[in-house]
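Engineer: Following this message is one structure expressed as structure tokens.
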Amino acid sequence: MTFNAYATKHARAALEPFQYEPEPLRPGDVEIVISHCGICHSDVHLADGDWGDVFPLVPGHEIVGTVVAGPTDRIGQRVGVGWQRSSCGSCDYCRTGDEVLCPGNQATCMGHFGGFADRIRVDGRFAIAIPEALPSDTAAPLLCGGVTVYTPLAAYAGPGSRVGVIGIGGLGHLALQLARAMGCEVTAFSRSADKEADARAFGAHHFHTGTPARGSLDLILNTAHAVPDMEAFLGGLRPRGVFSQLGAAPGPLQVPSMLLIGGSRTVTGSAIGSPAAIRSMLGLAATHAVQARIEAAPMHACNEALDRTRKNLARYRLVLAN
Ligand code: NAP
Ligand code: ZN
């Protein structure tokens with residue numbers, strides 16, 4: 001059995017057709033025929049060599065498809081797979097539903113071949129059933145982008161919370177929708193003034209190309225892969241407010257100590273989300289019609305599609321279809 005994929009052998013090299021023999025299915029594993037795969041900016045970081053020598057690389061970790069092999073009760077199920085493809089299943093983190101933090105966690109497209117392909121095999125615990133109400137193409141970006149912003153929202157926000165979202169890209173536009181669905185008061189912070197109408201349509205009550213008013217927000221999600229003005233954004237938090245870093249910024253965050261101390265504020269980071277978080281995020285999305293705004297492209301156009309994400313041209317997520 002051979003799987004057909006697109007791979008790059010070096011940083012910034014083009015993706016080319018690539019065949020590989022999959023690992024044997026272990027008990028509990030599933031084989032998925034991929035219908036759609038979203039392009040996350042992490043795929044750009046990987047392909048550009050930002051995260052080291054990860055080659056040969058088959059990108060893609062926002063996968064939706066149908067189970068064709070594995071446990072009999074999974075056959076025919078429509079499932080999604082995000083950044084994580086497996087974990088040890090027995091450590092403290094796995095036993096308490098925090099599989100993301102498992103020391104034995106495995107990434108879908110780092111050390112394994114990802115979703116720019118016709119098929120994939122993963123641990124069945126990380127292939128999550130997609131609710132019927134969600135179309136496959138617009139659901140795909142929820143598997144990484146959606147759960148990544150949902151996790152800190154679920155931890156730190158609730159109805160009435162004042163939530164700021166920096167960077168209105170793949171993660172950011174889902175954060176606006178999910179925060180709005182949770183009953184938050186939502187503010188978008190973007191470098192792109194032309195995104196205002198879209199941001200408001202996604203659920204933002206307010207839109208700024210600058211920085212927040214002092215003491216105005218309870219939670220800030222930084223989805224931009226850039227170092228923000230921490231003086232302005234930390235100062236924009238109310239006492240006990242939380243700044244959650246999600247984007248892979250290239251340099252250190254400079255945190256003014258008196259802003260941390262004075263308002264007992266928190267600066268934290270957050271990585272993707274556990275299978276349980278993916279399930280509850282998908283449930284919220286199904287109930288509130290949260291969908292990625294996508295640009296569709298055929299799988300064979302993966303180079304052009306990846307480049308649109310690299311150049312911040314995607315509105316708001318490229319999704320490849322087989
Ligand atoms: P994306 O679709 O490319 O969107 C990123 C947005 O950030 C852009 O649309 C832009 O928004 C803003 N931005 C881009 N360059 C910027 C710069 N130099 N300065 C300020 N703002 C900038 O990317 P994405 O897929 O949402 O991913 C964003 C980041 O999150 C990436 O670094 C990715 O690796 C990371 N990520 C982290 C996790 C996690 O578990 N923590 C999971 C997935 C992705 P505006 O035009 O509105 O300014
Ligand atoms: Zn991702």
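Ordered as shown in the structure tokens, chains take letters A, B, and onward, while each chain numbers its residues from 1 and ligands are numbered from 1 in the order shown.
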List all protein, DNA and RNA residues that have at least one atom no more than 6 Å from any atom of ligand 1, counting only C-alpha atoms and all ligand atoms, and write them as number ranges by chain.

Structural biologist: A: 40-42, 144-145, 148, 167-172, 190-192, 223-226, 246-248, 270-272, 309, 312

Engineer: Counting only C-alpha atoms and all ligand atoms, which of A:Leu142, A:Tyr6, A:Ser257, A:Val79 gets nearest to ligand 2?

Structural biologist: A:Leu142

Engineer: Just want the 10 Å neighbourhood of Pro275 of chain A, counted on only C-alpha atoms, with same-chain residues fewer than 2 positions away dropped. Output as a count of residues only.

Structural biologist: 20

Engineer: Out of A:Val64, A:Ala201, A:Ile39, A:Ala276, which residue has the shortest atom-to-atom distance to ligand 2 when counting only C-alpha atoms and all ligand atoms?

Structural biologist: A:Ile39

Engineer: Suppose you want the space between atom CA of Tyr156 of chain A and atom CA of Met230 of chain A; what is it in Å?

Structural biologist: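 About the pair atom CA of Tyr156 of chain A and atom CA of Met230 of chain A: they are 19.1 Å apart.
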
Engineer: Skipping near chain neighbours, those fewer than 3 positions away, what residues fall within 9 Å of Asp43 of chain A using only C-alpha atoms, listed as a PyMOL selection string?

Structural biologist: chain A and resi 39-40+46-48+59-61+109+306

Engineer: Looking only at strand (DSSP E or B) from DSSP on the backbone, list the matching residues of segment 86-221 of chain A as JSON, numbers by chain.

Structural biologist: {"A": [86, 106, 107, 110, 117, 119, 120, 121, 122, 123, 128, 129, 162, 163, 164, 165, 166, 185, 186, 187, 188, 189, 206, 207, 208, 217, 218, 219, 220, 221]}

Engineer: Just asking: which residues within segment 198-312 of chain A are alpha helix (DSSP H) according to DSSP, as an NGL selection string?

Structural biologist: :A and (198-202 or 230-235 or 257-262 or 275-288 or 302-310)
